[in-house]
file query_23.cif (mmCIF, C-alpha atoms, pLDDT in the B column; chains and numbers go by the auth columns)
data_coords
#
loop_
_atom_site.group_PDB
_atom_site.id
_atom_site.type_symbol
_atom_site.label_atom_id
_atom_site.label_comp_id
_atom_site.label_asym_id
_atom_site.label_seq_id
_atom_site.Cartn_x
_atom_site.Cartn_y
_atom_site.Cartn_z
_atom_site.B_iso_or_equiv
_atom_site.auth_seq_id
_atom_site.auth_asym_id
ATOM 1 C CA MET A 1 -17.299 -29.672 5.854 57.00 1 A
ATOM 2 C CA SER A 2 -19.049 -30.287 2.524 64.00 2 A
ATOM 3 C CA ASP A 3 -17.098 -31.219 -0.594 68.00 3 A
ATOM 4 C CA ASP A 4 -17.541 -27.805 -2.255 89.00 4 A
ATOM 5 C CA VAL A 5 -16.137 -25.850 0.733 93.00 5 A
ATOM 6 C CA VAL A 6 -12.450 -24.985 0.194 94.00 6 A
ATOM 7 C CA ILE A 7 -11.882 -22.629 3.157 95.00 7 A
ATOM 8 C CA SER A 8 -13.466 -23.261 6.541 96.00 8 A
ATOM 9 C CA VAL A 9 -12.790 -20.796 9.373 97.00 9 A
ATOM 10 C CA LYS A 10 -14.299 -21.914 12.664 97.00 10 A
ATOM 11 C CA ASP A 11 -14.346 -19.963 15.956 97.00 11 A
ATOM 12 C CA VAL A 12 -11.043 -18.223 15.165 97.00 12 A
ATOM 13 C CA SER A 13 -9.638 -15.689 17.618 97.00 13 A
ATOM 14 C CA MET A 14 -6.171 -14.106 17.560 96.00 14 A
ATOM 15 C CA GLU A 15 -4.503 -12.575 20.607 93.00 15 A
ATOM 16 C CA PHE A 16 -1.420 -10.368 20.616 89.00 16 A
ATOM 17 C CA ASN A 17 0.509 -9.242 23.683 75.00 17 A
ATOM 18 C CA LEU A 18 1.482 -5.588 23.304 65.00 18 A
ATOM 19 C CA SER A 19 4.325 -4.225 25.396 57.00 19 A
ATOM 20 C CA GLN A 20 3.347 -1.280 27.602 54.00 20 A
ATOM 21 C CA GLU A 21 6.985 -0.378 28.200 55.00 21 A
ATOM 22 C CA LYS A 22 8.958 2.092 26.085 60.00 22 A
ATOM 23 C CA THR A 23 12.319 0.595 25.143 57.00 23 A
ATOM 24 C CA ASP A 24 14.856 2.468 23.023 56.00 24 A
ATOM 25 C CA ASN A 25 16.776 -0.553 21.749 58.00 25 A
ATOM 26 C CA LEU A 26 16.851 -4.349 21.655 60.00 26 A
ATOM 27 C CA LYS A 27 19.424 -4.576 24.475 55.00 27 A
ATOM 28 C CA GLU A 28 17.188 -2.641 26.851 59.00 28 A
ATOM 29 C CA TYR A 29 14.199 -4.772 25.834 52.00 29 A
ATOM 30 C CA VAL A 30 16.096 -8.041 26.515 57.00 30 A
ATOM 31 C CA ILE A 31 17.364 -6.810 29.896 56.00 31 A
ATOM 32 C CA LYS A 32 13.865 -5.811 30.990 56.00 32 A
ATOM 33 C CA ALA A 33 12.475 -9.101 29.743 56.00 33 A
ATOM 34 C CA LEU A 34 15.077 -11.107 31.702 55.00 34 A
ATOM 35 C CA LYS A 35 14.328 -9.075 34.834 55.00 35 A
ATOM 36 C CA ARG A 36 10.628 -9.582 34.161 62.00 36 A
ATOM 37 C CA GLU A 37 10.106 -5.828 34.209 57.00 37 A
ATOM 38 C CA LEU A 38 8.141 -5.791 30.955 54.00 38 A
ATOM 39 C CA ARG A 39 4.392 -5.394 31.200 61.00 39 A
ATOM 40 C CA PHE A 40 2.104 -6.546 28.427 61.00 40 A
ATOM 41 C CA GLN A 41 -1.438 -5.702 27.448 70.00 41 A
ATOM 42 C CA SER A 42 -3.593 -8.341 25.769 80.00 42 A
ATOM 43 C CA PHE A 43 -5.085 -7.325 22.429 85.00 43 A
ATOM 44 C CA TRP A 44 -7.542 -9.474 20.483 93.00 44 A
ATOM 45 C CA ALA A 45 -7.132 -8.738 16.765 94.00 45 A
ATOM 46 C CA LEU A 46 -9.878 -11.242 15.895 97.00 46 A
ATOM 47 C CA GLU A 47 -12.653 -12.656 18.064 97.00 47 A
ATOM 48 C CA ASP A 48 -14.813 -15.693 17.309 97.00 48 A
ATOM 49 C CA ILE A 49 -14.684 -15.522 13.506 97.00 49 A
ATOM 50 C CA SER A 50 -16.487 -18.263 11.551 97.00 50 A
ATOM 51 C CA PHE A 51 -17.346 -18.594 7.860 97.00 51 A
ATOM 52 C CA GLU A 52 -17.027 -20.922 4.886 96.00 52 A
ATOM 53 C CA ILE A 53 -15.919 -20.196 1.338 96.00 53 A
ATOM 54 C CA LYS A 54 -16.968 -22.521 -1.468 94.00 54 A
ATOM 55 C CA LYS A 55 -15.071 -23.458 -4.613 93.00 55 A
ATOM 56 C CA GLY A 56 -15.281 -20.674 -7.173 92.00 56 A
ATOM 57 C CA ASP A 57 -16.390 -17.992 -4.694 94.00 57 A
ATOM 58 C CA LYS A 58 -14.863 -14.547 -5.120 94.00 58 A
ATOM 59 C CA VAL A 59 -14.903 -13.043 -1.621 96.00 59 A
ATOM 60 C CA GLY A 60 -13.857 -9.513 -0.672 95.00 60 A
ATOM 61 C CA VAL A 61 -12.942 -8.550 2.897 96.00 61 A
ATOM 62 C CA VAL A 62 -13.752 -4.951 3.853 96.00 62 A
ATOM 63 C CA GLY A 63 -13.269 -2.939 7.030 96.00 63 A
ATOM 64 C CA LEU A 64 -11.539 0.076 8.497 94.00 64 A
ATOM 65 C CA ASN A 65 -7.857 0.084 9.482 91.00 65 A
ATOM 66 C CA GLY A 66 -7.319 -2.202 12.468 91.00 66 A
ATOM 67 C CA ALA A 67 -10.339 -4.349 11.646 94.00 67 A
ATOM 68 C CA GLY A 68 -8.232 -7.521 11.487 94.00 68 A
ATOM 69 C CA LYS A 69 -8.375 -8.042 7.704 94.00 69 A
ATOM 70 C CA SER A 70 -4.670 -8.704 7.113 89.00 70 A
ATOM 71 C CA THR A 71 -4.411 -10.811 10.275 93.00 71 A
ATOM 72 C CA LEU A 72 -7.244 -12.993 8.984 94.00 72 A
ATOM 73 C CA LEU A 73 -5.515 -13.494 5.634 92.00 73 A
ATOM 74 C CA LYS A 74 -2.218 -14.383 7.330 89.00 74 A
ATOM 75 C CA ILE A 75 -3.981 -17.011 9.448 93.00 75 A
ATOM 76 C CA ILE A 76 -5.728 -18.526 6.417 93.00 76 A
ATOM 77 C CA SER A 77 -2.433 -18.481 4.479 85.00 77 A
ATOM 78 C CA GLY A 78 -0.650 -20.315 7.304 85.00 78 A
ATOM 79 C CA VAL A 79 1.687 -17.421 8.137 81.00 79 A
ATOM 80 C CA MET A 80 0.145 -17.249 11.632 89.00 80 A
ATOM 81 C CA LYS A 81 -1.621 -19.776 13.836 94.00 81 A
ATOM 82 C CA PRO A 82 -4.796 -18.622 15.572 96.00 82 A
ATOM 83 C CA THR A 83 -4.852 -18.454 19.368 96.00 83 A
ATOM 84 C CA ILE A 84 -8.228 -20.185 19.317 97.00 84 A
ATOM 85 C CA GLY A 85 -10.114 -21.977 16.554 97.00 85 A
ATOM 86 C CA THR A 86 -9.319 -23.867 13.372 96.00 86 A
ATOM 87 C CA VAL A 87 -8.793 -23.197 9.670 96.00 87 A
ATOM 88 C CA ASP A 88 -9.196 -25.964 7.095 95.00 88 A
ATOM 89 C CA ILE A 89 -7.986 -25.491 3.511 93.00 89 A
ATOM 90 C CA HIS A 90 -8.821 -27.813 0.615 92.00 90 A
ATOM 91 C CA GLY A 91 -6.855 -26.890 -2.495 85.00 91 A
ATOM 92 C CA ASN A 92 -3.625 -25.375 -3.787 80.00 92 A
ATOM 93 C CA ILE A 93 -3.260 -21.918 -2.233 81.00 93 A
ATOM 94 C CA ALA A 94 -1.232 -18.900 -3.445 76.00 94 A
ATOM 95 C CA PRO A 95 -1.016 -16.089 -0.881 77.00 95 A
ATOM 96 C CA LEU A 96 0.071 -12.694 -2.249 74.00 96 A
ATOM 97 C CA LEU A 97 0.412 -10.782 1.014 73.00 97 A
ATOM 98 C CA ALA A 98 3.744 -8.979 1.284 68.00 98 A
ATOM 99 C CA LEU A 99 5.298 -8.850 -2.166 67.00 99 A
ATOM 100 C CA GLY A 100 9.032 -9.415 -2.147 65.00 100 A
ATOM 101 C CA ALA A 101 9.192 -10.200 1.581 67.00 101 A
ATOM 102 C CA GLY A 102 11.450 -13.161 0.774 72.00 102 A
ATOM 103 C CA PHE A 103 13.851 -11.297 -1.515 87.00 103 A
ATOM 104 C CA ASP A 104 17.582 -11.051 -0.739 91.00 104 A
ATOM 105 C CA PRO A 105 18.824 -7.577 -1.779 91.00 105 A
ATOM 106 C CA ASN A 106 22.329 -8.889 -2.441 94.00 106 A
ATOM 107 C CA TYR A 107 21.116 -11.458 -4.979 95.00 107 A
ATOM 108 C CA THR A 108 20.459 -10.535 -8.596 96.00 108 A
ATOM 109 C CA GLY A 109 16.951 -10.518 -9.992 96.00 109 A
ATOM 110 C CA HIS A 110 17.791 -13.803 -11.717 96.00 110 A
ATOM 111 C CA GLU A 111 18.837 -15.430 -8.435 96.00 111 A
ATOM 112 C CA ASN A 112 15.849 -14.022 -6.571 94.00 112 A
ATOM 113 C CA ILE A 113 13.417 -15.578 -9.040 94.00 113 A
ATOM 114 C CA PHE A 114 14.519 -19.029 -7.859 94.00 114 A
ATOM 115 C CA PHE A 115 14.989 -17.957 -4.225 90.00 115 A
ATOM 116 C CA TYR A 116 11.542 -16.361 -3.937 85.00 116 A
ATOM 117 C CA GLY A 117 9.993 -19.185 -5.932 85.00 117 A
ATOM 118 C CA ALA A 118 11.374 -21.703 -3.435 86.00 118 A
ATOM 119 C CA ILE A 119 9.837 -19.706 -0.560 78.00 119 A
ATOM 120 C CA LEU A 120 6.482 -19.907 -2.351 75.00 120 A
ATOM 121 C CA GLY A 121 6.898 -23.693 -2.559 77.00 121 A
ATOM 122 C CA HIS A 122 7.861 -24.060 -6.238 84.00 122 A
ATOM 123 C CA THR A 123 10.576 -26.405 -7.498 90.00 123 A
ATOM 124 C CA ARG A 124 13.570 -25.150 -9.463 94.00 124 A
ATOM 125 C CA GLU A 125 12.312 -27.040 -12.507 95.00 125 A
ATOM 126 C CA PHE A 126 8.978 -25.210 -12.304 93.00 126 A
ATOM 127 C CA MET A 127 10.684 -21.824 -11.964 93.00 127 A
ATOM 128 C CA GLU A 128 12.926 -22.605 -14.939 96.00 128 A
ATOM 129 C CA SER A 129 9.826 -23.347 -17.029 96.00 129 A
ATOM 130 C CA LYS A 130 8.359 -19.985 -16.003 95.00 130 A
ATOM 131 C CA TYR A 131 11.579 -17.933 -16.059 96.00 131 A
ATOM 132 C CA ASP A 132 11.217 -16.223 -19.458 96.00 132 A
ATOM 133 C CA GLU A 133 7.551 -15.414 -18.780 95.00 133 A
ATOM 134 C CA ILE A 134 8.442 -13.874 -15.390 95.00 134 A
ATOM 135 C CA VAL A 135 11.216 -11.682 -16.799 96.00 135 A
ATOM 136 C CA GLU A 136 9.067 -10.506 -19.716 95.00 136 A
ATOM 137 C CA PHE A 137 6.043 -9.721 -17.555 94.00 137 A
ATOM 138 C CA SER A 138 8.082 -7.866 -14.908 93.00 138 A
ATOM 139 C CA GLU A 139 9.608 -5.505 -17.490 93.00 139 A
ATOM 140 C CA VAL A 140 12.919 -5.347 -15.601 93.00 140 A
ATOM 141 C CA GLY A 141 14.904 -6.026 -18.794 93.00 141 A
ATOM 142 C CA ASP A 142 18.691 -6.071 -18.425 93.00 142 A
ATOM 143 C CA PHE A 143 18.360 -5.369 -14.694 96.00 143 A
ATOM 144 C CA ILE A 144 17.570 -9.070 -14.216 96.00 144 A
ATOM 145 C CA ASP A 145 21.337 -9.640 -13.718 96.00 145 A
ATOM 146 C CA VAL A 146 21.740 -6.679 -11.340 96.00 146 A
ATOM 147 C CA PRO A 147 21.600 -7.061 -7.515 96.00 147 A
ATOM 148 C CA LEU A 148 18.156 -6.246 -6.145 94.00 148 A
ATOM 149 C CA LYS A 149 19.564 -3.534 -3.840 94.00 149 A
ATOM 150 C CA ASN A 150 20.006 -1.425 -6.982 95.00 150 A
ATOM 151 C CA TYR A 151 16.351 -1.812 -8.041 94.00 151 A
ATOM 152 C CA SER A 152 13.737 0.862 -7.514 90.00 152 A
ATOM 153 C CA SER A 153 10.815 -0.091 -5.259 82.00 153 A
ATOM 154 C CA GLY A 154 8.606 -0.320 -8.361 83.00 154 A
ATOM 155 C CA MET A 155 10.973 -2.749 -10.066 90.00 155 A
ATOM 156 C CA ARG A 156 11.124 -4.956 -6.966 88.00 156 A
ATOM 157 C CA SER A 157 7.321 -5.007 -6.724 83.00 157 A
ATOM 158 C CA ARG A 158 6.904 -5.836 -10.412 88.00 158 A
ATOM 159 C CA LEU A 159 9.368 -8.704 -10.199 91.00 159 A
ATOM 160 C CA ALA A 160 7.757 -10.057 -7.017 86.00 160 A
ATOM 161 C CA PHE A 161 4.281 -9.858 -8.533 85.00 161 A
ATOM 162 C CA SER A 162 5.456 -11.631 -11.680 89.00 162 A
ATOM 163 C CA ILE A 163 6.958 -14.471 -9.642 87.00 163 A
ATOM 164 C CA ALA A 164 4.000 -14.812 -7.282 81.00 164 A
ATOM 165 C CA THR A 165 1.465 -14.957 -10.113 83.00 165 A
ATOM 166 C CA ALA A 166 3.403 -17.415 -12.295 84.00 166 A
ATOM 167 C CA VAL A 167 1.167 -20.214 -11.030 77.00 167 A
ATOM 168 C CA ASN A 168 -2.545 -20.848 -11.553 75.00 168 A
ATOM 169 C CA PRO A 169 -3.721 -21.649 -7.999 79.00 169 A
ATOM 170 C CA GLU A 170 -7.022 -23.138 -6.900 85.00 170 A
ATOM 171 C CA ILE A 171 -7.200 -20.536 -4.115 89.00 171 A
ATOM 172 C CA LEU A 172 -5.754 -17.046 -4.542 85.00 172 A
ATOM 173 C CA ILE A 173 -5.347 -14.742 -1.533 87.00 173 A
ATOM 174 C CA LEU A 174 -4.651 -11.061 -2.202 83.00 174 A
ATOM 175 C CA ASP A 175 -3.952 -8.226 0.229 79.00 175 A
ATOM 176 C CA GLU A 176 -4.098 -4.816 -1.510 70.00 176 A
ATOM 177 C CA ILE A 177 -1.926 -6.245 -4.288 61.00 177 A
ATOM 178 C CA LEU A 178 -3.212 -4.375 -7.342 58.00 178 A
ATOM 179 C CA SER A 179 -1.373 -1.129 -6.603 61.00 179 A
ATOM 180 C CA VAL A 180 1.859 -2.583 -7.993 64.00 180 A
ATOM 181 C CA GLY A 181 3.970 -0.394 -10.281 64.00 181 A
ATOM 182 C CA ASP A 182 2.826 2.417 -12.580 72.00 182 A
ATOM 183 C CA VAL A 183 -0.615 2.814 -14.173 77.00 183 A
ATOM 184 C CA SER A 184 0.139 0.676 -17.234 81.00 184 A
ATOM 185 C CA PHE A 185 1.547 -2.156 -15.111 81.00 185 A
ATOM 186 C CA GLN A 186 -1.446 -1.947 -12.765 78.00 186 A
ATOM 187 C CA GLU A 187 -3.754 -2.521 -15.721 81.00 187 A
ATOM 188 C CA LYS A 188 -1.645 -5.495 -16.800 84.00 188 A
ATOM 189 C CA SER A 189 -1.749 -6.794 -13.224 81.00 189 A
ATOM 190 C CA LYS A 190 -5.535 -6.542 -13.107 78.00 190 A
ATOM 191 C CA LYS A 191 -5.847 -8.494 -16.353 83.00 191 A
ATOM 192 C CA ARG A 192 -3.617 -11.239 -14.960 83.00 192 A
ATOM 193 C CA MET A 193 -5.671 -11.315 -11.744 77.00 193 A
ATOM 194 C CA ASN A 194 -8.872 -11.617 -13.746 77.00 194 A
ATOM 195 C CA SER A 195 -7.470 -14.499 -15.798 81.00 195 A
ATOM 196 C CA MET A 196 -6.253 -16.253 -12.637 77.00 196 A
ATOM 197 C CA THR A 197 -9.660 -16.045 -10.963 76.00 197 A
ATOM 198 C CA GLU A 198 -11.771 -17.175 -13.908 75.00 198 A
ATOM 199 C CA GLY A 199 -13.807 -20.355 -13.687 73.00 199 A
ATOM 200 C CA ASP A 200 -13.541 -22.470 -10.533 82.00 200 A
ATOM 201 C CA ALA A 201 -10.644 -20.559 -8.955 86.00 201 A
ATOM 202 C CA THR A 202 -11.454 -19.202 -5.498 92.00 202 A
ATOM 203 C CA LEU A 203 -10.486 -15.637 -4.541 91.00 203 A
ATOM 204 C CA LEU A 204 -10.126 -14.060 -1.107 92.00 204 A
ATOM 205 C CA PHE A 205 -9.345 -10.376 -1.542 90.00 205 A
ATOM 206 C CA VAL A 206 -8.703 -7.593 1.001 90.00 206 A
ATOM 207 C CA SER A 207 -9.006 -4.006 -0.187 87.00 207 A
ATOM 208 C CA HIS A 208 -9.821 -0.533 1.101 85.00 208 A
ATOM 209 C CA SER A 209 -11.516 0.100 -2.241 87.00 209 A
ATOM 210 C CA VAL A 210 -15.177 -0.873 -2.000 93.00 210 A
ATOM 211 C CA ALA A 211 -15.521 -0.268 -5.745 91.00 211 A
ATOM 212 C CA MET A 212 -12.761 -2.802 -6.460 86.00 212 A
ATOM 213 C CA VAL A 213 -14.379 -5.365 -4.142 92.00 213 A
ATOM 214 C CA ARG A 214 -17.733 -4.895 -5.901 94.00 214 A
ATOM 215 C CA ASN A 215 -16.021 -5.297 -9.274 87.00 215 A
ATOM 216 C CA MET A 216 -13.923 -8.374 -8.492 86.00 216 A
ATOM 217 C CA CYS A 217 -16.082 -10.274 -5.996 92.00 217 A
ATOM 218 C CA ASP A 218 -19.531 -11.826 -5.718 94.00 218 A
ATOM 219 C CA LYS A 219 -19.484 -12.176 -1.928 97.00 219 A
ATOM 220 C CA ALA A 220 -18.046 -10.102 0.901 98.00 220 A
ATOM 221 C CA ILE A 221 -17.108 -10.208 4.578 97.00 221 A
ATOM 222 C CA TRP A 222 -17.138 -7.093 6.775 98.00 222 A
ATOM 223 C CA LEU A 223 -14.824 -6.980 9.781 97.00 223 A
ATOM 224 C CA HIS A 224 -14.825 -4.264 12.455 96.00 224 A
ATOM 225 C CA GLU A 225 -12.413 -4.197 15.393 95.00 225 A
ATOM 226 C CA GLY A 226 -11.855 -7.922 15.111 96.00 226 A
ATOM 227 C CA HIS A 227 -15.534 -8.858 14.915 97.00 227 A
ATOM 228 C CA LEU A 228 -17.475 -10.310 11.987 98.00 228 A
ATOM 229 C CA MET A 229 -20.183 -7.744 11.266 97.00 229 A
ATOM 230 C CA ALA A 230 -21.715 -9.191 8.088 97.00 230 A
ATOM 231 C CA GLN A 231 -21.166 -11.743 5.333 97.00 231 A
ATOM 232 C CA GLY A 232 -23.066 -12.545 2.175 97.00 232 A
ATOM 233 C CA GLU A 233 -23.763 -11.079 -1.275 98.00 233 A
ATOM 234 C CA VAL A 234 -21.146 -8.482 -2.148 97.00 234 A
ATOM 235 C CA ASN A 235 -23.435 -5.485 -2.722 97.00 235 A
ATOM 236 C CA ASP A 236 -25.483 -6.137 0.422 98.00 236 A
ATOM 237 C CA VAL A 237 -22.396 -6.322 2.636 98.00 237 A
ATOM 238 C CA CYS A 238 -20.661 -3.372 0.952 97.00 238 A
ATOM 239 C CA ASN A 239 -23.809 -1.243 1.294 97.00 239 A
ATOM 240 C CA GLN A 240 -23.917 -1.995 5.031 97.00 240 A
ATOM 241 C CA TYR A 241 -20.235 -1.134 5.373 97.00 241 A
ATOM 242 C CA VAL A 242 -20.520 2.115 3.394 96.00 242 A
ATOM 243 C CA ASP A 243 -23.559 3.202 5.446 95.00 243 A
ATOM 244 C CA PHE A 244 -21.621 2.497 8.644 95.00 244 A
ATOM 245 C CA VAL A 245 -18.609 4.543 7.498 94.00 245 A
ATOM 246 C CA GLN A 246 -20.790 7.446 6.350 92.00 246 A
ATOM 247 C CA ASN A 247 -22.671 7.501 9.663 89.00 247 A
ATOM 248 C CA LYS A 248 -19.363 7.382 11.521 83.00 248 A
ATOM 249 C CA LEU A 249 -18.081 10.371 9.521 82.00 249 A
ATOM 250 C CA LYS A 250 -21.339 12.263 10.120 77.00 250 A
ATOM 251 C CA LEU A 251 -21.085 11.731 13.873 72.00 251 A
ATOM 252 C CA PHE A 252 -17.455 12.894 13.772 67.00 252 A
ATOM 253 C CA LYS A 253 -18.424 16.108 11.940 64.00 253 A
ATOM 254 C CA ASP A 254 -21.306 16.787 14.331 61.00 254 A
ATOM 255 C CA GLU A 255 -19.116 16.579 17.415 58.00 255 A
#
call {"tool": "encode", "arguments": {"input": "query_23.cif", "output": "structure tokens"}}
result
Amino acid sequence: MSDDVVISVKDVSMEFNLSQEKTDNLKEYVIKALKRELRFQSFWALEDISFEIKKGDKVGVVGLNGAGKSTLLKIISGVMKPTIGTVDIHGNIAPLLALGAGFDPNYTGHENIFFYGAILGHTREFMESKYDEIVEFSEVGDFIDVPLKNYSSGMRSRLAFSIATAVNPEILILDEILSVGDVSFQEKSKKRMNSMTEGDATLLFVSHSVAMVRNMCDKAIWLHEGHLMAQGEVNDVCNQYVDFVQNKLKLFKDE
């Protein structure tokens, strides 16, 4: 791997075993599993995926639902380990995949700032240095001392986004993150994303919005049913993907 490559994905495949049995509750599932009455069907979410991302690249990942986009990001982020293949990362990585997944609803917003920050790998001292900035950016105001279970979904998302983006990472991984909060907060979020990805920062971004991928990225990867269909310059790849989707819709209408 050359010095300017920060993400190397080589021959990655990901297999899931899907249960073919209908179980109504966990007890029934455990009993069937112990009796070895459960049958599973193998499903490959990704098959033989290889690519490299260089320092400073802004790469969008496009594809229909079920293409394997989120699975790929989870593997690169270290949330999952691939069944086959390797992923090498060179640089400080900040994955923004499931905002607020590490929150405790019984803790206050104040407590969750440090709790969620620890999950993201930040020290308490770092979170203390960023605390005022996080509270101000999230716009939760006096609710910062209220348990999270009393927050609206928008407030939880804003707080999670503010915590997750309090660092300037070398590699930023985003999964449909820019739909956080209301319109005004979305605009503020986009500005923060743009500032975070300026210069040599590397971006890997999954979105259903081809327009957003064209706007934010200079390269793109197209996945379809777990297979790598194309990679390269963002407009070339997006044009191929859009043509494919339009042809698919045309065939559907003609049937």
call {"tool": "resolve_selection", "arguments": {"input": "query_23.cif", "expression": "the PyMOL selection byres ((chain A and resi 140) around 9)", "output": "JSON, numbers by chain"}}
result
{"A": [109, 135, 136, 137, 138, 139, 141, 142, 143, 144, 155, 156, 158, 159]}
call {"tool": "closest_atom_pairs", "arguments": {"input": "query_23.cif", "of": "stretch 148-169 of chain A", "to": "stretch 180-189 of chain A", "cutoff": "12 Å", "atoms": "only C-alpha atoms", "output": "tab-separated table"}}
result
residue	atom	partner	partner_atom	distance
A:Ser152	CA	A:Gly181	CA	10.2
A:Ser153	CA	A:Gly181	CA	8.5
A:Gly154	CA	A:Gly181	CA	5.0
A:Met155	CA	A:Gly181	CA	7.4
A:Arg156	CA	A:Gly181	CA	9.1
A:Ser157	CA	A:Val180	CA	6.1
A:Arg158	CA	A:Gly181	CA	6.2
A:Leu159	CA	A:Gly181	CA	9.9
A:Ala160	CA	A:Val180	CA	9.6
A:Phe161	CA	A:Val180	CA	7.7
A:Ser162	CA	A:Ser189	CA	8.8
A:Ala164	CA	A:Ser189	CA	11.5
A:Thr165	CA	A:Ser189	CA	9.3
A:Ala166	CA	A:Ser189	CA	11.8
call {"tool": "residues_around", "arguments": {"input": "query_23.cif", "residues": "A:Pro95", "least_positions_apart": "3", "cutoff": "8 Å", "atoms": "only C-alpha atoms", "output": "PDB file with C-alpha atoms, keeping the file's coordinate frame"}}
result
ATOM      1  CA  SER A  77      -2.433 -18.481   4.479  1.00 85.00           C
ATOM      2  CA  LEU A 172      -5.754 -17.046  -4.542  1.00 85.00           C
ATOM      3  CA  ILE A 173      -5.347 -14.742  -1.533  1.00 87.00           C
ATOM      4  CA  LEU A 174      -4.651 -11.061  -2.202  1.00 83.00           C
TER       5      LEU A 174
END
call {"tool": "closest_residue", "arguments": {"input": "query_23.cif", "among": "A:Gly91, A:Asp132, A:His227, A:Asn65", "to": "A:Asp200", "atoms": "only C-alpha atoms"}}
result
A:Gly91
call {"tool": "residues_near_point", "arguments": {"input": "query_23.cif", "point": "(-19.3, -10.0, -6.2)", "cutoff": "7 Å", "atoms": "all atoms listed in the file", "output": "ChimeraX atom specification"}}
result
/A:58,214-219,233-234
call {"tool": "closest_residue", "arguments": {"input": "query_23.cif", "among": "A:Ile84, A:Leu64, A:Ile7, A:Ile171", "to": "A:Trp44", "atoms": "only C-alpha atoms"}}
result
A:Ile84
call {"tool": "closest_residue", "arguments": {"input": "query_23.cif", "among": "A:Glu176, A:Asn235, A:Pro82, A:Asn168", "to": "A:Glu198", "atoms": "all atoms listed in the file"}}
result
A:Asn168
call {"tool": "residues_around", "arguments": {"input": "query_23.cif", "residues": "A:Gln231", "least_positions_apart": "6", "cutoff": "12 Å", "atoms": "all atoms listed in the file", "output": "number ranges by chain"}}
result
A: 49-53, 59-63, 218-223, 237-241
call {"tool": "residues_near_point", "arguments": {"input": "query_23.cif", "point": "(-15.4, -15.0, 16.1)", "cutoff": "12 Å", "atoms": "all atoms listed in the file", "output": "list in words"}}
result
Val9, Lys10, Asp11, Val12, Ser13, Met14, Trp44, Ala45, Leu46, Glu47, Asp48, Ile49, Ser50, Phe51, Gly68, Leu72, Pro82, Thr83, Ile84, Gly85, Thr86, Leu223, His224, Glu225, Gly226, His227, Leu228, Met229 and Ala230 of chain A
call {"tool": "atom_distance", "arguments": {"input": "query_23.cif", "atom1": "atom CA of A:Leu204", "atom2": "atom CA of A:Leu73"}}
result
8.2 Å
call {"tool": "axis_aligned_box", "arguments": {"input": "query_23.cif", "around": "stretch 111-114 of chain A", "padding_each_side": "5 Å", "output": "lines of an AutoDock Vina configuration file"}}
result
center_x = 16.1
center_y = -16.5
center_z = -7.8
size_x = 15.4
size_y = 15.0
size_z = 12.5
call {"tool": "atom_distance", "arguments": {"input": "query_23.cif", "atom1": "atom CA of A:Thr123", "atom2": "atom CA of A:Thr108"}}
result
18.7 Å
call {"tool": "resolve_selection", "arguments": {"input": "query_23.cif", "expression": "the PyMOL selection byres ((chain A and resi 110-115) around 7)", "output": "ChimeraX atom specification"}}
result
/A:103-104,107-109,116-119,124,127,144-145,163
call {"tool": "write_last_selection", "arguments": {"input": "query_23.cif", "atoms": "C-alpha atoms", "output": "PDB file, keeping the file's coordinate frame"}}
result
ATOM      1  CA  PHE A 103      13.851 -11.297  -1.515  1.00 87.00           C
ATOM      2  CA  ASP A 104      17.582 -11.051  -0.739  1.00 91.00           C
ATOM      3  CA  TYR A 107      21.116 -11.458  -4.979  1.00 95.00           C
ATOM      4  CA  THR A 108      20.459 -10.535  -8.596  1.00 96.00           C
ATOM      5  CA  GLY A 109      16.951 -10.518  -9.992  1.00 96.00           C
ATOM      6  CA  TYR A 116      11.542 -16.361  -3.937  1.00 85.00           C
ATOM      7  CA  GLY A 117       9.993 -19.185  -5.932  1.00 85.00           C
ATOM      8  CA  ALA A 118      11.374 -21.703  -3.435  1.00 86.00           C
ATOM      9  CA  ILE A 119       9.837 -19.706  -0.560  1.00 78.00           C
ATOM     10  CA  ARG A 124      13.570 -25.150  -9.463  1.00 94.00           C
ATOM     11  CA  MET A 127      10.684 -21.824 -11.964  1.00 93.00           C
ATOM     12  CA  ILE A 144      17.570  -9.070 -14.216  1.00 96.00           C
ATOM     13  CA  ASP A 145      21.337  -9.640 -13.718  1.00 96.00           C
ATOM     14  CA  ILE A 163       6.958 -14.471  -9.642  1.00 87.00           C
TER      15      ILE A 163
END
call {"tool": "atom_distance", "arguments": {"input": "query_23.cif", "atom1": "atom CA of A:Thr202", "atom2": "atom CA of A:Val167"}}
result
13.8 Å
call {"tool": "residues_around", "arguments": {"input": "query_23.cif", "residues": "A:Asn106", "least_positions_apart": "3", "cutoff": "8 Å", "atoms": "all atoms listed in the file", "output": "MDAnalysis selection string"}}
result
chainID A and resid 147:149
call {"tool": "write_last_selection", "arguments": {"input": "query_23.cif", "atoms": "C-alpha atoms", "output": "PDB file, in the coordinates of the input"}}
result
ATOM      1  CA  PRO A 147      21.600  -7.061  -7.515  1.00 96.00           C
ATOM      2  CA  LEU A 148      18.156  -6.246  -6.145  1.00 94.00           C
ATOM      3  CA  LYS A 149      19.564  -3.534  -3.840  1.00 94.00           C
TER       4      LYS A 149
END
call {"tool": "residues_around", "arguments": {"input": "query_23.cif", "residues": "A:Asp175", "least_positions_apart": "3", "cutoff": "9 Å", "atoms": "all atoms listed in the file", "output": "list of chain:residue names"}}
result
A:Lys69, A:Ser70, A:Leu73, A:Pro95, A:Leu96, A:Leu97, A:Ala98, A:Leu178, A:Leu204, A:Phe205, A:Val206, A:Ser207
